[in-house]
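Peer 1: Structure file start-v1.cif (mmCIF, C-alpha atoms) is given on the next line.
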data_target
loop_
_atom_site.label_atom_id
_atom_site.label_comp_id
_atom_site.auth_asym_id
_atom_site.auth_seq_id
_atom_site.Cartn_x
_atom_site.Cartn_y
_atom_site.Cartn_z
CA MET G 466 68.02 60.59 116.01
CA MET G 467 68.26 61.87 119.55
CA MET G 468 64.83 60.57 120.40
CA ASN G 469 65.90 57.01 119.76
CA LYS G 470 68.97 57.41 121.87
CA MET G 471 67.08 58.81 124.81
CA LYS G 472 65.13 55.68 125.36
CA GLN G 473 68.27 53.65 125.81
CA ILE G 474 69.94 55.80 128.42
CA LYS G 475 70.45 53.78 131.59
CA HIS G 476 73.15 55.66 133.43
CA HIS G 477 72.23 59.16 134.48
CA LEU G 478 73.69 62.16 136.27
CA THR G 479 73.96 61.90 140.05
CA GLU G 480 71.91 64.19 142.25
CA PRO G 481 74.90 66.12 143.63
CA LEU G 482 76.07 66.80 140.10
CA MET G 483 72.70 68.12 139.04
CA MET G 484 72.32 70.18 142.17
CA SER G 485 75.78 71.68 141.69
CA TYR G 486 75.04 72.42 138.05
CA ALA G 487 71.78 74.08 139.07
CA ALA G 488 73.64 76.11 141.69
CA GLY G 489 76.34 77.12 139.22
CA THR G 490 79.18 75.79 141.34
CA LEU G 491 80.75 73.19 139.04
CA PRO G 492 83.99 73.64 137.12
CA GLU G 493 83.41 74.51 133.48
CA ALA G 494 84.63 71.10 132.30
CA PHE G 495 81.97 69.36 134.38
CA ASN G 496 79.32 71.83 133.28
CA LEU G 497 80.09 70.90 129.69
CA VAL G 498 79.61 67.19 130.33
CA VAL G 499 76.42 67.80 132.31
CA ALA G 500 74.97 70.12 129.67
CA THR G 501 75.87 67.65 126.92
CA HIS G 502 74.25 64.74 128.74
CA ILE G 503 71.11 66.76 129.44
CA SER G 504 70.90 67.59 125.75
CA MET G 505 70.59 63.83 125.17
CA CYS G 506 68.49 62.87 128.19
CA ASP G 507 64.97 64.08 128.94
CA ASP G 508 64.94 62.47 132.38
CA CYS G 509 67.91 64.48 133.53
CA ARG G 510 66.54 67.60 131.89
CA ALA G 511 63.41 67.27 134.02
CA ALA G 512 65.45 66.51 137.12
CA LEU G 513 67.64 69.57 136.56
CA ALA G 514 64.51 71.71 136.41
CA GLU G 515 63.67 70.46 139.90
CA TYR G 516 67.04 71.46 141.28
CA GLU G 517 66.71 74.85 139.65
CA THR G 518 63.33 75.16 141.31
CA VAL G 519 64.93 74.47 144.67
CA GLY G 520 67.46 77.19 143.83
CA GLY G 521 64.66 79.62 143.07
CA GLU G 522 63.07 78.89 146.42
CA VAL G 523 66.39 79.34 148.20
CA MET G 524 66.72 82.72 146.50
CA LEU G 525 63.20 83.72 147.53
CA ASN G 526 63.95 82.91 151.15
CA VAL G 527 67.05 85.03 151.56
CA GLU G 528 66.86 88.22 153.55
CA PRO G 529 66.35 90.87 150.83
CA ALA G 530 69.32 93.20 150.43
CA GLY G 531 68.89 96.94 150.30
CA ILE G 532 69.17 98.20 146.76
CA ALA G 533 70.23 101.55 145.42
CA GLU G 534 67.52 104.20 145.35
CA ASP G 535 67.91 104.70 141.64
CA ALA G 536 68.25 101.01 140.85
CA LEU G 537 64.98 100.74 138.95
CA ALA G 538 65.67 103.89 136.96
CA ALA G 539 69.19 102.69 136.21
CA THR G 540 67.85 99.35 135.04
CA LEU G 541 65.24 100.93 132.82
CA ALA G 542 67.95 103.17 131.38
CA MET G 543 70.02 100.07 130.72
CA ILE G 544 67.08 98.51 128.91
CA ASP G 545 66.44 101.64 126.88
CA LYS G 546 70.04 101.84 125.80
CA GLY G 547 69.95 98.21 124.77
CA LYS G 548 72.95 97.57 126.97
CA ILE G 549 71.97 94.01 127.70
CA ALA G 550 72.62 92.36 124.40
CA LYS G 551 70.12 89.90 123.07
CA THR G 552 72.67 87.21 122.40
CA PRO G 553 71.80 85.30 119.27
CA SER G 554 71.49 81.55 119.55
CA PRO G 555 74.71 79.86 118.51
CA HIS G 556 74.66 78.30 115.10
CA ARG G 557 74.62 74.56 115.53
CA LYS G 558 74.37 71.61 113.21
CA GLN G 559 71.43 69.30 113.65
CA ASP G 560 73.05 66.17 112.28
CA SER G 561 76.28 66.29 114.27
CA LEU G 562 77.37 63.54 116.59
CA PHE G 563 78.04 66.31 119.07
CA PRO G 564 75.11 67.83 120.95
CA GLY G 565 74.88 71.63 120.87
CA PRO G 566 76.89 72.57 123.96
CA LEU G 567 79.77 70.37 122.80
CA GLN G 568 79.66 71.83 119.28
CA ASP G 569 80.49 75.19 120.86
CA TYR G 570 83.79 73.73 122.09
CA VAL G 571 85.02 71.94 118.98
CA SER G 572 85.65 73.13 115.47
CA GLY G 573 84.24 70.46 113.25
CA ASP G 574 82.93 66.96 113.52
CA VAL G 575 84.52 63.67 114.51
CA ASP G 576 86.59 63.13 111.40
CA SER G 577 87.83 66.68 110.97
CA LEU G 578 89.11 67.15 114.54
CA LYS G 579 92.80 67.29 115.37
CA TRP G 580 92.98 64.07 117.36
CA ARG G 581 96.23 63.20 119.11
CA LYS G 582 97.31 59.63 119.59
CA VAL G 583 97.79 58.66 123.21
CA GLY G 584 98.77 55.02 122.70
CA GLY G 585 97.01 51.75 122.12
CA GLY G 586 95.17 53.16 119.14
CA VAL G 587 93.34 55.61 121.35
CA SER G 588 93.17 59.29 120.40
CA GLN G 589 92.18 62.28 122.41
CA LEU G 590 91.41 65.94 122.04
CA VAL G 591 91.67 68.16 125.08
CA LEU G 592 89.09 70.95 125.07
CA GLU G 593 89.81 74.38 126.42
CA THR G 594 88.08 75.18 129.69
CA SER G 595 88.84 76.87 133.00
CA LYS G 596 91.72 75.28 134.84
CA ASP G 597 89.88 73.82 137.83
CA ALA G 598 89.11 70.66 135.84
CA THR G 599 89.82 69.27 132.40
CA VAL G 600 87.70 67.71 129.70
CA ARG G 601 88.68 65.76 126.63
CA LEU G 602 87.18 63.81 123.79
CA LEU G 603 88.36 60.21 123.60
CA ARG G 604 88.21 58.02 120.54
CA ILE G 605 88.66 54.37 121.37
CA PRO G 606 88.75 51.84 118.54
CA ALA G 607 86.19 49.08 118.87
CA GLY G 608 87.45 46.25 121.02
CA THR G 609 90.24 48.34 122.59
CA ALA G 610 90.77 48.94 126.29
CA VAL G 611 90.60 52.51 127.56
CA PRO G 612 94.05 53.53 128.75
CA ASP G 613 94.48 54.04 132.45
CA HIS G 614 93.93 57.66 133.08
CA GLY G 615 93.58 57.40 136.81
CA HIS G 616 90.74 58.41 139.08
CA ARG G 617 92.38 60.72 141.50
CA GLY G 618 89.32 62.86 141.81
CA THR G 619 85.98 62.47 140.17
CA GLU G 620 85.75 61.51 136.54
CA LEU G 621 82.70 61.84 134.35
CA THR G 622 82.59 59.85 131.14
CA LEU G 623 79.77 60.43 128.69
CA VAL G 624 79.39 58.11 125.71
CA LEU G 625 78.63 59.93 122.46
CA GLN G 626 78.98 57.00 120.09
CA GLY G 627 79.42 53.27 120.52
CA ALA G 628 79.69 51.74 123.97
CA PHE G 629 82.17 50.56 126.55
CA VAL G 630 81.90 47.80 129.09
CA ASP G 631 83.66 47.16 132.36
CA LYS G 632 83.30 44.44 134.95
CA LYS G 633 80.18 46.00 136.35
CA ASP G 634 78.25 47.46 133.51
CA ARG G 635 77.75 48.52 129.95
CA PHE G 636 77.71 52.17 129.00
CA GLY G 637 76.00 52.90 125.69
CA THR G 638 75.38 56.09 123.78
CA GLY G 639 74.08 58.81 126.10
CA ASP G 640 75.10 56.97 129.26
CA ILE G 641 77.30 58.73 131.77
CA GLU G 642 79.65 57.07 134.19
CA VAL G 643 80.49 58.93 137.38
CA ALA G 644 83.65 57.43 138.83
CA ASN G 645 85.56 58.42 141.93
CA GLU G 646 88.83 57.33 143.44
CA GLU G 647 87.40 54.10 144.74
CA LEU G 648 86.54 52.79 141.32
CA GLN G 649 89.14 50.55 139.76
CA HIS G 650 88.15 49.42 136.34
CA THR G 651 89.34 48.74 132.86
CA PRO G 652 86.70 49.82 130.44
CA VAL G 653 86.84 48.27 126.98
CA ALA G 654 85.19 49.66 123.88
CA GLU G 655 82.62 47.25 122.53
CA ASP G 656 83.05 45.62 119.17
CA GLY G 657 81.31 47.42 116.37
CA GLU G 658 81.92 51.14 115.93
CA ASP G 659 84.59 53.22 117.61
CA CYS G 660 83.62 54.45 121.03
CA ILE G 661 83.68 58.23 121.35
CA CYS G 662 83.45 59.69 124.83
CA LEU G 663 83.53 63.06 126.50
CA ALA G 664 85.49 62.68 129.73
CA ALA G 665 86.06 65.26 132.44
CA THR G 666 88.14 65.03 135.58
CA ASP G 667 88.85 67.41 138.41
CA ALA G 668 92.26 65.90 139.01
CA PRO G 669 93.94 67.10 135.85
CA LEU G 670 96.84 64.98 134.72
CA ARG G 671 99.00 67.95 133.97
CA PHE G 672 98.78 69.38 137.45
CA SER G 673 100.71 67.58 140.12
CA GLY G 674 99.07 69.45 142.97
CA LEU G 675 95.42 68.69 143.39
CA LEU G 676 93.25 71.67 143.91
CA PRO G 677 92.10 70.41 147.25
CA ARG G 678 88.94 72.42 147.64
CA ILE G 679 87.67 71.54 144.22
CA ALA G 680 88.70 67.92 144.53
CA GLN G 681 87.06 67.58 147.88
CA ARG G 682 83.89 68.98 146.46
CA PHE G 683 83.38 65.85 144.47
CA ILE G 684 84.62 63.12 146.73
CA GLY G 685 81.75 60.86 147.43
CA ILE G 686 79.64 61.84 144.48
CA MET C 753 54.53 89.45 116.91
CA SER C 754 51.68 91.74 117.81
CA GLY C 755 50.89 91.97 121.46
CA ARG C 756 47.20 92.20 120.87
CA GLY C 757 46.66 88.61 119.95
CA ARG C 758 48.51 87.39 122.97
CA ASN C 759 46.78 89.49 125.54
CA THR C 760 44.60 86.63 126.58
CA PHE C 761 47.76 84.81 127.65
CA MET C 762 46.87 83.63 131.13
CA LEU C 763 43.26 84.54 131.04
CA MET C 764 41.52 82.03 128.87
CA GLU C 765 39.22 81.25 131.75
CA PRO C 766 39.25 84.27 134.02
CA ASN C 767 36.85 82.70 136.46
CA ALA C 768 39.26 79.99 137.36
CA LEU C 769 41.76 82.58 138.45
CA ILE C 770 39.33 84.79 140.26
CA LYS C 771 38.10 81.78 142.16
CA ALA C 772 41.67 81.04 143.14
CA ASP C 773 42.08 84.48 144.68
CA ALA C 774 41.74 87.22 142.13
CA PRO C 775 45.28 88.04 141.06
CA PRO C 776 45.86 91.16 139.04
CA VAL C 777 44.76 90.53 135.50
CA LEU C 778 46.83 91.41 132.49
CA ALA C 779 44.28 93.99 131.44
CA ALA C 780 45.25 95.88 134.57
CA TYR C 781 48.55 96.68 132.91
CA GLY C 782 49.35 98.20 129.59
CA GLY C 783 47.80 101.59 129.95
CA ARG C 784 44.98 101.17 132.40
CA LYS C 785 45.43 103.12 135.53
CA THR C 786 43.79 100.80 138.01
CA VAL C 787 45.18 97.63 139.37
CA LYS C 788 42.91 95.08 140.89
CA LYS C 789 43.55 94.79 144.57
CA ARG C 790 44.81 91.49 145.75
CA ASP C 791 43.14 89.73 148.60
CA VAL C 792 45.68 89.42 151.32
CA GLU C 793 43.89 87.92 154.28
CA LYS C 794 42.94 84.41 153.33
CA PRO C 795 43.45 81.39 155.52
CA LYS C 796 44.76 79.20 152.72
CA VAL C 797 48.37 80.25 152.65
CA SER C 798 49.21 77.84 149.89
CA THR C 799 46.57 79.11 147.48
CA GLN C 800 47.36 82.68 148.29
CA ALA C 801 51.04 82.16 147.71
CA ALA C 802 50.39 80.29 144.47
CA THR C 803 48.25 83.22 143.45
CA LYS C 804 51.16 85.53 144.12
CA ARG C 805 53.14 83.37 141.72
CA MET C 806 50.41 83.66 139.11
CA ALA C 807 50.56 87.42 139.58
CA TRP C 808 54.26 87.30 138.68
CA VAL C 809 53.39 85.28 135.59
CA VAL C 810 50.90 87.94 134.56
CA GLN C 811 53.46 90.66 135.21
CA VAL C 812 56.03 88.95 133.00
CA ALA C 813 53.39 88.62 130.28
CA ALA C 814 52.65 92.34 130.60
CA VAL C 815 56.34 93.11 130.15
CA ARG C 816 56.47 90.81 127.17
CA ASP C 817 53.34 92.00 125.40
CA ASN C 818 53.18 95.66 126.38
CA GLN C 819 56.66 96.53 127.63
CA ASP C 820 54.72 97.47 130.73
CA ARG C 821 56.93 99.45 133.11
CA LYS C 822 54.56 99.28 136.03
CA ALA C 823 54.48 95.50 135.93
CA PHE C 824 58.25 95.52 135.58
CA ALA C 825 58.61 97.86 138.55
CA GLU C 826 56.57 95.47 140.68
CA LEU C 827 58.72 92.50 139.68
CA PHE C 828 61.79 94.61 140.27
CA ALA C 829 60.73 95.68 143.74
CA TYR C 830 60.26 92.10 144.80
CA PHE C 831 63.05 90.28 143.04
CA ALA C 832 65.96 92.70 142.69
CA PRO C 833 66.69 92.80 146.46
CA ARG C 834 66.56 89.00 146.60
CA VAL C 835 68.76 88.54 143.57
CA LYS C 836 71.24 90.98 145.06
CA SER C 837 71.21 89.19 148.38
CA PHE C 838 71.65 85.81 146.71
CA LEU C 839 74.64 87.10 144.76
CA MET C 840 76.22 88.59 147.86
CA LYS C 841 75.83 85.30 149.67
CA SER C 842 77.47 83.67 146.66
CA GLY C 843 80.54 85.85 147.12
CA ALA C 844 79.84 89.05 145.21
CA SER C 845 80.70 92.40 146.72
CA PRO C 846 77.69 94.64 147.41
CA ASP C 847 78.54 96.85 144.43
CA MET C 848 78.97 93.96 142.09
CA ALA C 849 75.80 92.30 143.37
CA GLU C 850 73.88 95.53 142.83
CA GLU C 851 75.11 95.84 139.26
CA CYS C 852 74.44 92.18 138.58
CA ALA C 853 70.94 92.33 140.04
CA GLN C 854 70.12 95.20 137.70
CA GLU C 855 71.49 93.24 134.75
CA VAL C 856 69.47 90.20 135.76
CA MET C 857 66.28 92.27 135.82
CA ALA C 858 67.15 93.86 132.47
CA THR C 859 67.64 90.36 131.09
CA LEU C 860 64.18 89.46 132.35
CA TRP C 861 62.82 92.35 130.28
CA ASN C 862 64.66 91.21 127.16
CA LYS C 863 63.84 87.55 127.53
CA ALA C 864 60.25 87.79 128.71
CA HIS C 865 59.17 86.02 125.51
CA MET C 866 61.23 82.99 126.53
CA PHE C 867 59.41 82.45 129.81
CA ASP C 868 57.07 79.47 129.95
CA PRO C 869 54.78 79.39 133.01
CA THR C 870 53.95 75.73 132.41
CA LYS C 871 57.61 74.87 132.88
CA ALA C 872 58.80 77.19 135.62
CA SER C 873 57.77 79.64 138.25
CA VAL C 874 59.01 83.19 137.70
CA SER C 875 61.19 82.74 140.79
CA THR C 876 62.87 79.70 139.23
CA TRP C 877 63.40 81.51 135.97
CA ILE C 878 64.93 84.57 137.61
CA PHE C 879 67.12 82.29 139.72
CA THR C 880 68.55 80.68 136.58
CA ILE C 881 69.26 84.10 135.07
CA ALA C 882 71.00 85.15 138.30
CA ARG C 883 72.89 81.86 138.46
CA ASN C 884 74.11 82.37 134.90
CA ARG C 885 75.18 85.92 135.65
CA LYS C 886 77.01 84.66 138.70
CA ILE C 887 79.02 82.23 136.57
CA ASP C 888 79.77 84.95 134.00
CA ILE C 889 80.85 87.59 136.47
CA LEU C 890 82.12 85.83 139.58
CA ARG C 891 83.59 82.70 138.12
CA LYS C 892 84.48 84.14 134.72
CA GLN C 893 83.91 80.86 132.94
CA ARG C 894 82.17 79.93 129.76
CA ARG C 895 78.80 78.52 130.54
CA PRO C 896 77.78 75.47 128.52
CA GLU C 897 74.01 75.10 128.51
CA PRO C 898 71.84 72.19 127.37
CA GLU C 899 70.32 72.40 123.92
CA ASP C 900 66.95 74.06 123.89
CA LEU C 901 64.07 71.74 123.32
CA PRO C 902 62.91 71.93 119.73
CA TRP C 903 59.68 73.55 120.83
CA GLY C 904 59.56 76.93 122.57
CA PRO C 905 56.92 78.33 124.90
CA GLU C 906 53.37 78.00 123.64
CA ALA C 907 51.84 81.22 122.41
CA GLU C 908 49.03 80.61 124.84
CA PRO C 909 50.21 78.28 127.55
CA ASP C 910 47.61 76.09 129.13
CA GLN C 911 46.36 78.04 132.09
CA VAL C 912 45.45 75.11 134.26
CA GLU C 913 48.85 73.59 133.63
CA ALA C 914 50.53 76.87 134.49
CA MET C 915 48.53 77.23 137.70
CA GLY C 916 49.36 73.65 138.64
CA LEU C 917 53.05 74.26 138.13
CA GLN C 918 52.91 77.42 140.24
CA GLN C 919 51.16 75.55 143.04
CA GLU C 920 53.64 72.73 142.93
CA THR C 921 56.51 75.19 143.12
CA GLU C 922 54.83 76.76 146.11
CA GLN C 923 54.55 73.34 147.74
CA LEU C 924 58.21 72.79 147.15
CA GLY C 925 58.99 76.16 148.67
CA GLN C 926 56.92 75.31 151.70
CA ALA C 927 58.53 71.90 152.01
CA LEU C 928 61.89 73.63 151.98
CA ALA C 929 60.74 76.20 154.53
CA THR C 930 59.54 73.52 156.94
CA LEU C 931 62.80 71.59 156.92
CA PRO C 932 64.59 71.72 160.25
CA GLU C 933 66.54 74.96 160.22
CA GLU C 934 69.93 73.31 160.22
CA GLN C 935 69.13 71.21 157.17
CA ARG C 936 67.61 74.12 155.34
CA HIS C 937 70.71 76.19 155.96
CA LEU C 938 72.87 73.45 154.55
CA ILE C 939 70.89 73.29 151.35
CA GLU C 940 71.06 77.07 151.09
CA ARG C 941 74.80 77.01 151.56
CA ALA C 942 75.12 74.41 148.82
CA TYR C 943 73.34 76.80 146.47
CA PHE C 944 75.47 79.73 147.59
CA GLY C 945 78.51 77.62 146.73
CA GLU C 946 79.77 77.65 150.30
CA LEU C 947 79.56 73.95 150.86
CA SER C 948 80.10 70.80 148.90
CA HIS C 949 77.68 67.96 149.27
CA SER C 950 80.19 65.81 151.03
CA GLU C 951 80.74 68.65 153.46
CA ILE C 952 77.02 68.87 154.02
CA ALA C 953 76.92 65.20 154.86
CA ALA C 954 79.98 65.49 157.07
CA GLU C 955 78.67 68.45 158.99
CA THR C 956 75.29 66.99 159.83
CA GLY C 957 76.26 63.36 159.96
CA LEU C 958 73.31 62.90 157.66
CA PRO C 959 73.77 61.42 154.25
CA LEU C 960 72.64 63.81 151.58
CA GLY C 961 69.96 61.31 150.61
CA THR C 962 68.35 61.67 154.00
CA ILE C 963 68.34 65.43 153.79
CA LYS C 964 66.95 65.35 150.33
CA SER C 965 64.29 62.75 150.98
CA ARG C 966 62.58 65.44 153.01
CA ILE C 967 61.90 67.45 149.93
CA ARG C 968 61.59 64.57 147.53
CA LEU C 969 57.83 64.30 147.69
CA ALA C 970 57.45 67.86 146.58
CA LEU C 971 60.07 67.30 143.92
CA ASP C 972 58.19 64.29 142.63
CA ARG C 973 55.13 66.40 142.10
CA LEU C 974 57.26 68.85 140.19
CA ARG C 975 58.79 66.13 138.10
CA HIS C 976 55.33 65.05 137.10
CA ALA C 977 54.52 68.60 136.10
CA MET C 978 57.64 68.96 134.02
CA LYS C 979 56.75 66.12 131.70
#
Would you mind giving the structure from this file in structure tokens?
Peer 2:
Amino acid sequence: MMMNKMKQIKHHLTEPLMMSYAAGTLPEAFNLVVATHISMCDDCRAALAEYETVGGEVMLNVEPAGIAEDALAATLAMIDKGKIAKTPSPHRKQDSLFPGPLQDYVSGDVDSLKWRKVGGGVSQLVLETSKDATVRLLRIPAGTAVPDHGHRGTELTLVLQGAFVDKKDRFGTGDIEVANEELQHTPVAEDGEDCICLAATDAPLRFSGLLPRIAQRFIGI
Amino acid sequence: MSGRGRNTFMLMEPNALIKADAPPVLAAYGGRKTVKKRDVEKPKVSTQAATKRMAWVVQVAAVRDNQDRKAFAELFAYFAPRVKSFLMKSGASPDMAEECAQEVMATLWNKAHMFDPTKASVSTWIFTIARNRKIDILRKQRRPEPEDLPWGPEAEPDQVEAMGLQQETEQLGQALATLPEEQRHLIERAYFGELSHSEIAAETGLPLGTIKSRIRLALDRLRHAMK
């Protein structure tokens, strides 16, 4: 199923997003969208590996820090005691609409989720993440316009099912739109099946004060 | 899985490796007392450095197959101080960075079977473990990760492919090292989490694309290798 989708992906992650993911500096909400897209997109998976390689080289080039004399012994003791748990792989469904990383954040599949109506036939489900950004699932009936949710910071919108179109482009399953404050648009879900998206923003609606440092981080992405 | 059958890991064609600079072979670990000496004075820096990377690959395999403590100690001596330094630059206190670095190396031991030398250099792999630990400890966030590919590492990864990947990583490292110092520092600071990309662009007056085009050629080679 995924293999067929991959071939159609036209809108990918931006380089700053991938570099920030590789560096581990993104808010959790953005990490979730990035990880979900990469689960659907081999191109971005390969690109992420490049940015992680750059990170490895950066790490190699730092001035080595002095380590404790007994560090090796302490580490071997840690290994012997089995202190570093071998975390089991999470149990994930193969036939879900939601790729693995997203499954870890929801309890159930599309029709069993506790959607909340937000007007115009659109429903949403806010997922729990760290507070520096927010992420939600959106369910937009076919042919319906996405409600204005504002682009005060950066917004990532990943299509999981269906498609939406705006003046500029069409975003189908697996595509990701990276929008910043400059983008004014009214996306509309295509006719056919409901459009289901995963959308993250670093300018959370519920917080009146922007977190300036975090917001600034993404301006211009 | 028995270690015996996998001992040939990187050494399907030993001559290819010896020709490339005679890295320590896996047989040197796991009970034998002698370790093959590495050539150190060779004019071809690139080959020599790539060979060092192959040595790390062999050391990880020794940890995986034989729980080899000598190989682990060698990896530890090289990487733990760098992991610690990276974590300190990312905002960890020295004590926390020390503890984290030890945990990262212990994770290497436990996950040695997950390492695939045709997909990553050991340095890249350890970086991702350190990065993950950084998110866990410093940022205290959950850490969504992409789905694993349906296939895991090959039992016997293609040696030529692995060597190629190590060389390409080395080329990338060298490309990074030869960037003008200011630009290199900016990229480093982005990875330490000190700087956003827009700040990088603002500080140099260079668009990120310009900075990154300098390392793009090396990246392209890597991209090819990843597929």
Peer 1: Taking the file above as input, evaluate the PyMOL selection byres ((chain C and resi 916-919) around 10) and report the hits as a PyMOL selection string.
Peer 2: chain C and resi 798-806+809+869-875+910-915+920-925+973-978
Peer 1: Measure the distance from CA of Ala542 in chain G to CA of Phe831 in chain C in Å and round it to one decimal.
Peer 2: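 According to the coordinates, CA of Ala542 in chain G and CA of Phe831 in chain C are separated by 18.1 Å.
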Peer 1: Show which residues sit within 6 Å of range 596-600 of chain G, as a list of chain:residue names. Count all atoms listed in the file, and ignore same-chain residues fewer than 6 positions away.
Peer 2: G:Pro492, G:Ala494, G:Ala664, G:Ala665, G:Thr666, G:Asp667, G:Pro669
Peer 1: Determine which residues of chain C sit within 8 Å of chain G, taking into account only C-alpha atoms, and present them as a PyMOL selection string.
Peer 2: chain C and resi 825+828+831-838+850+854-855+857-859+861-862+872-873+875-880+883-884+886-887+893-900+921+924-925+928+940+942-945+947-951+971+974-975+978-979
Peer 1: Convert the current residue selection to file output with C-alpha atoms, as a PDB file, in the coordinates of the input.
Peer 2:
ATOM      1  CA  ALA C 825      58.610  97.860 138.550  1.00  0.00           C
ATOM      2  CA  PHE C 828      61.790  94.610 140.270  1.00  0.00           C
ATOM      3  CA  PHE C 831      63.050  90.280 143.040  1.00  0.00           C
ATOM      4  CA  ALA C 832      65.960  92.700 142.690  1.00  0.00           C
ATOM      5  CA  PRO C 833      66.690  92.800 146.460  1.00  0.00           C
ATOM      6  CA  ARG C 834      66.560  89.000 146.600  1.00  0.00           C
ATOM      7  CA  VAL C 835      68.760  88.540 143.570  1.00  0.00           C
ATOM      8  CA  LYS C 836      71.240  90.980 145.060  1.00  0.00           C
ATOM      9  CA  SER C 837      71.210  89.190 148.380  1.00  0.00           C
ATOM     10  CA  PHE C 838      71.650  85.810 146.710  1.00  0.00           C
ATOM     11  CA  GLU C 850      73.880  95.530 142.830  1.00  0.00           C
ATOM     12  CA  GLN C 854      70.120  95.200 137.700  1.00  0.00           C
ATOM     13  CA  GLU C 855      71.490  93.240 134.750  1.00  0.00           C
ATOM     14  CA  MET C 857      66.280  92.270 135.820  1.00  0.00           C
ATOM     15  CA  ALA C 858      67.150  93.860 132.470  1.00  0.00           C
ATOM     16  CA  THR C 859      67.640  90.360 131.090  1.00  0.00           C
ATOM     17  CA  TRP C 861      62.820  92.350 130.280  1.00  0.00           C
ATOM     18  CA  ASN C 862      64.660  91.210 127.160  1.00  0.00           C
ATOM     19  CA  ALA C 872      58.800  77.190 135.620  1.00  0.00           C
ATOM     20  CA  SER C 873      57.770  79.640 138.250  1.00  0.00           C
ATOM     21  CA  SER C 875      61.190  82.740 140.790  1.00  0.00           C
ATOM     22  CA  THR C 876      62.870  79.700 139.230  1.00  0.00           C
ATOM     23  CA  TRP C 877      63.400  81.510 135.970  1.00  0.00           C
ATOM     24  CA  ILE C 878      64.930  84.570 137.610  1.00  0.00           C
ATOM     25  CA  PHE C 879      67.120  82.290 139.720  1.00  0.00           C
ATOM     26  CA  THR C 880      68.550  80.680 136.580  1.00  0.00           C
ATOM     27  CA  ARG C 883      72.890  81.860 138.460  1.00  0.00           C
ATOM     28  CA  ASN C 884      74.110  82.370 134.900  1.00  0.00           C
ATOM     29  CA  LYS C 886      77.010  84.660 138.700  1.00  0.00           C
ATOM     30  CA  ILE C 887      79.020  82.230 136.570  1.00  0.00           C
ATOM     31  CA  GLN C 893      83.910  80.860 132.940  1.00  0.00           C
ATOM     32  CA  ARG C 894      82.170  79.930 129.760  1.00  0.00           C
ATOM     33  CA  ARG C 895      78.800  78.520 130.540  1.00  0.00           C
ATOM     34  CA  PRO C 896      77.780  75.470 128.520  1.00  0.00           C
ATOM     35  CA  GLU C 897      74.010  75.100 128.510  1.00  0.00           C
ATOM     36  CA  PRO C 898      71.840  72.190 127.370  1.00  0.00           C
ATOM     37  CA  GLU C 899      70.320  72.400 123.920  1.00  0.00           C
ATOM     38  CA  ASP C 900      66.950  74.060 123.890  1.00  0.00           C
ATOM     39  CA  THR C 921      56.510  75.190 143.120  1.00  0.00           C
ATOM     40  CA  LEU C 924      58.210  72.790 147.150  1.00  0.00           C
ATOM     41  CA  GLY C 925      58.990  76.160 148.670  1.00  0.00           C
ATOM     42  CA  LEU C 928      61.890  73.630 151.980  1.00  0.00           C
ATOM     43  CA  GLU C 940      71.060  77.070 151.090  1.00  0.00           C
ATOM     44  CA  ALA C 942      75.120  74.410 148.820  1.00  0.00           C
ATOM     45  CA  TYR C 943      73.340  76.800 146.470  1.00  0.00           C
ATOM     46  CA  PHE C 944      75.470  79.730 147.590  1.00  0.00           C
ATOM     47  CA  GLY C 945      78.510  77.620 146.730  1.00  0.00           C
ATOM     48  CA  LEU C 947      79.560  73.950 150.860  1.00  0.00           C
ATOM     49  CA  SER C 948      80.100  70.800 148.900  1.00  0.00           C
ATOM     50  CA  HIS C 949      77.680  67.960 149.270  1.00  0.00           C
ATOM     51  CA  SER C 950      80.190  65.810 151.030  1.00  0.00           C
ATOM     52  CA  GLU C 951      80.740  68.650 153.460  1.00  0.00           C
ATOM     53  CA  LEU C 971      60.070  67.300 143.920  1.00  0.00           C
ATOM     54  CA  LEU C 974      57.260  68.850 140.190  1.00  0.00           C
ATOM     55  CA  ARG C 975      58.790  66.130 138.100  1.00  0.00           C
ATOM     56  CA  MET C 978      57.640  68.960 134.020  1.00  0.00           C
ATOM     57  CA  LYS C 979      56.750  66.120 131.700  1.00  0.00           C
TER      58      LYS C 979
END
Peer 1: Can you measure CA of Ala849 in chain C to CA of Asp888 in chain C for me? One decimal in Å is fine.
Peer 2: 12.6 Å
Peer 1: Under the PyMOL selection byres ((chain G and resi 604) around 12), which residues of this model are included? Write them out as a PyMOL selection string.
Peer 2: chain G and resi 575-576+578-591+601-603+605-612+623-629+653-654+658-664
Peer 1: CA of Leu839 in chain C and CA of Ala853 in chain C, how far apart in Å?
Peer 2: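 So the two atoms, CA of Ala853 in chain C and CA of Leu839 in chain C, lie 8.0 Å apart.
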Peer 1: The PyMOL selection byres ((chain G and resi 475) around 12) - which residues does that actually catch in the file I just gave you? List them as a list in words.
Peer 2: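 Residues picked by the PyMOL selection byres ((chain G and resi 475) around 12): Lys470, Met471, Lys472, Gln473, Ile474, His476, His477, Leu478, His502, Met505, Cys506, Asp507, Asp508, Cys509, Leu623, Val624, Asp634, Arg635, Phe636, Gly637, Thr638, Gly639, Asp640, Ile641 and Glu642 of chain G.
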Peer 1: Closest to Tyr830 in chain C among C:Trp808, C:Gln926, C:Arg885, C:Leu938, using all atoms listed in the file?
Peer 2: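 Of C:Trp808, C:Gln926, C:Arg885, C:Leu938, the one nearest Tyr830 in chain C is C:Trp808, counting all atoms listed in the file.
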